[in-house]
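Participant: Could you have a look at this structure, given as structure tokens, before my questions?
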Amino acid sequence: MFLPTSNCEKVNGGNTVLLFFAIYLLAVGSGGVKAALPSHGADQFEQNDIKEATKMSTFFNGLLLCTSVGGSVSLTCFVWVQDNKGYDKGFGLSFIAMFLGVIIFVFRLPGYRIHVVKGSSAITEIVQLGLPKDPFELHEIPLDKEAALHQEFLPHRDVYRWLDKAAIRCGNIEQSQSPWKLCRVTQVENAKIILAMVPIFLCTIIMTLCLAQLQTFSIHQGGTMDTKLSNSFNIPPASLPIFPMIFLLIAIPIYDQILVPSIRKFTGIPTGITHLQRVGVGLIVSALSMTIACIVEVKRKNVAKHHNMLDAIPVLQPLPISVFWLSFQYFVFGIATMFTNVGLLEFFYSQAPQSIKSISSCFLWSSMALGYYLSSITVKIVNRVTKGDTTNGGWLAGNNLNRNHLENFYLLLAILSLINFTIYLLFATKYKYRPQSIDV
């Protein structure tokens with residue numbers, strides 16, 4: 001795409017249908033795996049058992065580690081195959097890897113714990129849904145009489161009390177009362193938990209907005225820099241995300257096997273620190289990553305100005321500055337990913353009502369999807385607002401990064417991340433963790 005004389009043919013006809021069908025089919029399959037795998041793995045551990053709760057945390061860290069291993073192989077071996085042997089060979093290797101994964105999963109299937117949800121969904125119960133003067137006016141199924149129902153019971157809490165109206169008994173209420181007219185306390189408490197989780201969910205969107213820039217603009221930056229690893233080998237710009245993957249391969253075992261046990265001795269928490277503390281660390285570190293990205297971009301542009309290469313053709317005329325300067329922002333963002341993503345998986349799984357734990361990880365992936373979508377909107381808004389400040393039509397318009405103002409955009413993201421972190425602190429400090437449920 002960098003060659004001025006290149007001629008790219010536009011896909012059309014049946015090839016267009018096949019291309020988009022494959023892309024969206026991949027999105028559906030990937031979404032299903034990402035949504036089900038974390039929850040299925042966590043279901044293999046008993047959350048109320050301290051030892052198994054510790055193993056559950058190790059599982060989530062291991063899941064990120066395995067993802068990093070897969071990403072490392074993809075960004076090195078598969079990218080090399082695609083660049084040197086053809087995309088058909090690269091996609092073929094991807095198919096073989098996924099096929100082997102399915103075989104291994106099916107082979108182990110009889111040994112898994114399968115938790116079948118009983119009763120109605122928590123979503124339905126929340127939809128069926130507020131200030132009683134006396135908590136004893138609230139309706140709940142008696143534990144001793146309804147043990148056969150195997151339902152979850154949560155104690156009443158004095159938060160979001162306006163929702164309690166849905167569980168107030170008016171006169172003598174028979175147990176056969178329609179749930180659309182009278183809700184259980186547990187239903188109301190589940191609704192309170194979901195409502196309290198929403199601000200946490202929203203505060204994590206900005207981090208994915210920052211991640212999207214490392215997967216787009218930073219790769220574009222790499223195409224303008226010196227990518228030599230040796231006299232005979234250059235690192236492809238598309239392989240730049242390998243930097244955080246390599247760091248995660250080293251950092252995750254150290255964090256899980258050394259740091260967490262050490263911190264656990266002082267806090268008494270199985271995971272070392274709370275889920276929300278872990279998420280908060282990742283959010284503030286992501287702001288630091290954007291600050292570093294801003295500084296590196298300023299240095300890259302200064303090199304271009306100093307060598308009169310502002311209009312140099314990317315890849316063909318690389319700037320005399322190593323692409324490894326970009327590794328700093330990738331490494332720091334890798335730390336943010338290790339803390340925030342795993343912290344969110346643990347948080348959503350531990351706090352979600354039992355009947356929707358199997359889809360609790362969807363909150364993380366939904367947050368990431370919104371972040372990527374917000375990235376496209378943000379870029380367009382920034383270009384429209386800054387249209388008069390540059391000859392290109394905006395800070396990020398055009399293909400010549402040397403004459404754009406990507407450093408300003410990174411600084412803007414760093415400021416937004418700090419503001420987002422401040423808002424997150426307000427909600428995280430007020431959040432009350434889910435009380436111990438009683439399963440009968």
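Letters for chains follow the order of the structure tokens (A, B, ...), residue numbers begin at 1 for each chain, and ligand numbers begin at 1 in the order shown.
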Residues within 12 Å of Trp365 of chain A, please, as number ranges by chain. Count only C-alpha atoms; anything in the same chain fewer than 4 positions from it doesn't count.
Facilitator: A: 27, 30-36, 38, 201, 204-205, 208, 341-342, 344-345, 348, 359-361, 369-372
Participant: Between A:Leu418, A:Ala312, A:Leu364, A:Ile219, which is the closest to Thr340 of chain A once you count only C-alpha atoms?
Facilitator: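 Closest to Thr340 of chain A of all the choices is A:Leu364.
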Participant: In Å to one decimal, how far is atom CA of Asn190 of chain A from atom CA of Arg278 of chain A?
Facilitator: 23.4 Å
Participant: With distances taken over only C-alpha atoms, which of A:Gly222, A:Gly41, A:Val385, A:Met245 is nearest to Ser74 of chain A?
Facilitator: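 Once distances to Ser74 of chain A are computed over only C-alpha atoms, the minimum belongs to A:Met245.
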Participant: Work out how far atom CA of Ile252 of chain A is from atom CA of Leu63 of chain A, in Å to one decimal.
Facilitator: 10.1 Å
Participant: In segment 361-395 of chain A, what's alpha helix (DSSP H) per DSSP? Answer as a PyMOL selection string?
Facilitator: chain A and resi 362-385
Participant: Which residues, written as a PyMOL selection string, have at least one atom at most 8 Å from Ala414 of chain A, with only C-alpha atoms counted and residues fewer than 2 positions away on the same chain left out?
Facilitator: chain A and resi 286-291+410-412+416-418
Participant: Take the residues from that selection and put them in a file with all heavy atoms, as a PDB file, in the first residue's frame.
Facilitator:
ATOM      1  N   SER A 286      -2.266   2.353  31.480  1.00  0.00           N
ATOM      2  CA  SER A 286      -2.592   2.621  30.072  1.00  0.00           C
ATOM      3  C   SER A 286      -2.430   4.104  29.752  1.00  0.00           C
ATOM      4  O   SER A 286      -2.026   4.465  28.635  1.00  0.00           O
ATOM      5  CB  SER A 286      -4.013   2.157  29.760  1.00  0.00           C
ATOM      6  OG  SER A 286      -4.973   2.939  30.435  1.00  0.00           O
ATOM      7  N   ALA A 287      -2.744   4.967  30.721  1.00  0.00           N
ATOM      8  CA  ALA A 287      -2.517   6.405  30.523  1.00  0.00           C
ATOM      9  C   ALA A 287      -1.034   6.696  30.380  1.00  0.00           C
ATOM     10  O   ALA A 287      -0.614   7.526  29.549  1.00  0.00           O
ATOM     11  CB  ALA A 287      -3.106   7.191  31.698  1.00  0.00           C
ATOM     12  N   LEU A 288      -0.204   5.997  31.160  1.00  0.00           N
ATOM     13  CA  LEU A 288       1.244   6.154  31.052  1.00  0.00           C
ATOM     14  C   LEU A 288       1.738   5.688  29.684  1.00  0.00           C
ATOM     15  O   LEU A 288       2.630   6.312  29.087  1.00  0.00           O
ATOM     16  CB  LEU A 288       1.928   5.343  32.158  1.00  0.00           C
ATOM     17  CG  LEU A 288       3.459   5.324  32.153  1.00  0.00           C
ATOM     18  CD1 LEU A 288       4.014   6.728  32.312  1.00  0.00           C
ATOM     19  CD2 LEU A 288       3.982   4.404  33.258  1.00  0.00           C
ATOM     20  N   SER A 289       1.145   4.621  29.165  1.00  0.00           N
ATOM     21  CA  SER A 289       1.526   4.120  27.844  1.00  0.00           C
ATOM     22  C   SER A 289       1.267   5.154  26.760  1.00  0.00           C
ATOM     23  O   SER A 289       2.094   5.358  25.857  1.00  0.00           O
ATOM     24  CB  SER A 289       0.757   2.827  27.538  1.00  0.00           C
ATOM     25  OG  SER A 289       1.018   2.386  26.219  1.00  0.00           O
ATOM     26  N   MET A 290       0.126   5.839  26.830  1.00  0.00           N
ATOM     27  CA  MET A 290      -0.186   6.865  25.838  1.00  0.00           C
ATOM     28  C   MET A 290       0.763   8.057  25.962  1.00  0.00           C
ATOM     29  O   MET A 290       1.120   8.690  24.958  1.00  0.00           O
ATOM     30  CB  MET A 290      -1.634   7.328  26.011  1.00  0.00           C
ATOM     31  CG  MET A 290      -2.669   6.288  25.614  1.00  0.00           C
ATOM     32  SD  MET A 290      -2.613   5.826  23.864  1.00  0.00           S
ATOM     33  CE  MET A 290      -1.686   4.268  23.944  1.00  0.00           C
ATOM     34  N   THR A 291       1.189   8.367  27.185  1.00  0.00           N
ATOM     35  CA  THR A 291       2.153   9.454  27.380  1.00  0.00           C
ATOM     36  C   THR A 291       3.489   9.100  26.731  1.00  0.00           C
ATOM     37  O   THR A 291       4.113   9.928  26.058  1.00  0.00           O
ATOM     38  CB  THR A 291       2.354   9.723  28.879  1.00  0.00           C
ATOM     39  OG1 THR A 291       1.092  10.012  29.489  1.00  0.00           O
ATOM     40  CG2 THR A 291       3.290  10.901  29.093  1.00  0.00           C
ATOM     41  N   TYR A 410      -2.130  11.268  20.810  1.00  0.00           N
ATOM     42  CA  TYR A 410      -1.703  10.423  21.930  1.00  0.00           C
ATOM     43  C   TYR A 410      -1.808  11.180  23.252  1.00  0.00           C
ATOM     44  O   TYR A 410      -2.208  10.608  24.274  1.00  0.00           O
ATOM     45  CB  TYR A 410      -0.266   9.958  21.714  1.00  0.00           C
ATOM     46  CG  TYR A 410      -0.114   8.811  20.742  1.00  0.00           C
ATOM     47  CD1 TYR A 410       0.973   8.747  19.871  1.00  0.00           C
ATOM     48  CD2 TYR A 410      -1.044   7.782  20.703  1.00  0.00           C
ATOM     49  CE1 TYR A 410       1.120   7.689  18.979  1.00  0.00           C
ATOM     50  CE2 TYR A 410      -0.905   6.723  19.816  1.00  0.00           C
ATOM     51  CZ  TYR A 410       0.178   6.682  18.950  1.00  0.00           C
ATOM     52  OH  TYR A 410       0.319   5.627  18.081  1.00  0.00           O
ATOM     53  N   LEU A 411      -1.424  12.440  23.250  1.00  0.00           N
ATOM     54  CA  LEU A 411      -1.520  13.239  24.474  1.00  0.00           C
ATOM     55  C   LEU A 411      -2.979  13.407  24.888  1.00  0.00           C
ATOM     56  O   LEU A 411      -3.307  13.349  26.083  1.00  0.00           O
ATOM     57  CB  LEU A 411      -0.872  14.608  24.247  1.00  0.00           C
ATOM     58  CG  LEU A 411      -0.865  15.561  25.455  1.00  0.00           C
ATOM     59  CD1 LEU A 411      -0.099  14.936  26.615  1.00  0.00           C
ATOM     60  CD2 LEU A 411      -0.257  16.909  25.071  1.00  0.00           C
ATOM     61  N   LEU A 412      -3.846  13.597  23.906  1.00  0.00           N
ATOM     62  CA  LEU A 412      -5.285  13.701  24.196  1.00  0.00           C
ATOM     63  C   LEU A 412      -5.794  12.421  24.846  1.00  0.00           C
ATOM     64  O   LEU A 412      -6.558  12.466  25.827  1.00  0.00           O
ATOM     65  CB  LEU A 412      -6.050  13.989  22.901  1.00  0.00           C
ATOM     66  CG  LEU A 412      -7.586  13.970  22.999  1.00  0.00           C
ATOM     67  CD1 LEU A 412      -8.077  15.082  23.927  1.00  0.00           C
ATOM     68  CD2 LEU A 412      -8.215  14.111  21.611  1.00  0.00           C
ATOM     69  N   LEU A 416      -7.516  11.901  28.503  1.00  0.00           N
ATOM     70  CA  LEU A 416      -8.815  11.236  28.644  1.00  0.00           C
ATOM     71  C   LEU A 416      -8.708  10.025  29.566  1.00  0.00           C
ATOM     72  O   LEU A 416      -9.620   9.754  30.354  1.00  0.00           O
ATOM     73  CB  LEU A 416      -9.335  10.808  27.266  1.00  0.00           C
ATOM     74  CG  LEU A 416      -9.785  11.919  26.321  1.00  0.00           C
ATOM     75  CD1 LEU A 416     -10.201  11.331  24.974  1.00  0.00           C
ATOM     76  CD2 LEU A 416     -10.947  12.717  26.924  1.00  0.00           C
ATOM     77  N   SER A 417      -7.585   9.312  29.477  1.00  0.00           N
ATOM     78  CA  SER A 417      -7.390   8.136  30.330  1.00  0.00           C
ATOM     79  C   SER A 417      -7.283   8.535  31.796  1.00  0.00           C
ATOM     80  O   SER A 417      -7.810   7.842  32.676  1.00  0.00           O
ATOM     81  CB  SER A 417      -6.135   7.375  29.895  1.00  0.00           C
ATOM     82  OG  SER A 417      -6.265   6.863  28.588  1.00  0.00           O
ATOM     83  N   LEU A 418      -6.625   9.646  32.073  1.00  0.00           N
ATOM     84  CA  LEU A 418      -6.512  10.126  33.447  1.00  0.00           C
ATOM     85  C   LEU A 418      -7.877  10.557  33.992  1.00  0.00           C
ATOM     86  O   LEU A 418      -8.218  10.266  35.144  1.00  0.00           O
ATOM     87  CB  LEU A 418      -5.525  11.285  33.523  1.00  0.00           C
ATOM     88  CG  LEU A 418      -4.035  10.921  33.392  1.00  0.00           C
ATOM     89  CD1 LEU A 418      -3.178  12.184  33.375  1.00  0.00           C
ATOM     90  CD2 LEU A 418      -3.605  10.002  34.529  1.00  0.00           C
TER      91      LEU A 418
END
Participant: Between atom CA of Asn15 of chain A and atom CA of Gln82 of chain A, what distance in Å does the model show, to one decimal?
Facilitator: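 Spanning atom CA of Asn15 of chain A to atom CA of Gln82 of chain A is a straight-line distance of 19.4 Å.
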